[in-house]
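This report refers to the structure that appears directly beneath it.
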Amino acid sequence: MSGTAFLNLTVTISLGILSLAFVLTIVRILRGPTLPDRILGLDMLVSIGIGYICVIAIKTSFFLYLDVAISLGLVGFLATVAFARYVLHRGAQASEGSSDLEEKPNG
Amino acid sequence: MVEQIAAYLAGILLLVGALFSLLAAIGILRLPDLYTRMHAASKAGTMGSGLTLIAIAVVAFDGAVILRALVGVVFLLLTSPVSAHLLSRAAYMVGYSPSGGMKINDLKNYRED
């Protein structure tokens, strides 16, 4: 098997594996009992998205996708920092686990 | 010849990176509480996307692309621990407790409540 054929095969397999990882992370986001779990899942989604973009860049050999991956990483980092600040200011919700929409007096 | 070797190397890097991402996703799904999940996601997840970026650097024979890919890896290695630490600290300070089995807790005296 030549190198190019091997690379094409591994690109296809990696896309499949990354899709599986994506689905598993989405299951955690939907199920995740607390807000920080969901934020962690979103962070993981960004990381898997960077992997996707890199695989697509190799598949199409259009390397401008690399800039998209780097800026996606920057946006994901800023989003996680902002969500962490939000968690710190919001405080833990007593109703966590049943429903996030239900507002209960804190403390 | 060099291109063939680079293609094989990039393929292996892609596979290993994708498997690390899958490992991180399984860890997020299976581990018991937020802090252990974060342990899986921040380390294995960074490893997965970093390895795929290195695969681009291997397969592209262009100085600018290689430099940008390596800068991306460094950026990822700098930001991922910061965001994970910030999120876990915020969650702990606000009162999301770890599940049982934690033996040492150095942050016990700093909690607000």
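Numbering starts fresh at 1 for the residues of each chain in the structure tokens, the chains themselves are lettered A, B, ... in the order given, and ligands are numbered from 1 as they appear.
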
Worksheet item: Near chain A, which residues of chain B fall within 6 Å when you count only C-alpha atoms, and what do they look like as a ChimeraX atom specification?
Response: /B:4,7-8,11,15,18,22,25,29,34,49,52,72,83,87,90,94

Practice prompt. Write out as a ChimeraX atom specification all residues of chain B that DSSP puts in alpha helix (DSSP H) for this structure's backbone.
Written response: /B:2-30,34-59,63-94

Worksheet item: Can you tell me, as a VMD selection string, what residues are no more than 8 Å from Ala84 (chain B) when counting only C-alpha atoms, ignoring any on the same chain fewer than 4 positions away?
Response: chain B and resid 38 42 80 88

Worksheet entry | CA of Asp33 (chain B) to CA of Ala91 (chain B), straight-line distance in Å |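 So the answer is 11.6 Å.
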
Worksheet entry | Two-atom distance - CA of Ser21 (chain B), CA of Thr46 (chain B) (Å) |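 Between CA of Ser21 (chain B) and CA of Thr46 (chain B) the gap works out to 8.2 Å.
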
Worksheet entry | Gap from CA of Asp62 (chain B) to CA of Leu9 (chain B) - Å, one decimal |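 So the answer is 16.5 Å.
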
Worksheet entry | Exercise: Gly27 (chain B) partners within 8 Å, only C-alpha atoms, chain neighbours under 6 positions left out, as a ChimeraX atom specification | /B:37,40-41

Fill in: Distance criterion (only C-alpha atoms): nearest to Gly50 (chain B) out of B:Ala24, B:Leu14, B:Leu67, B:Arg89
B:Leu14
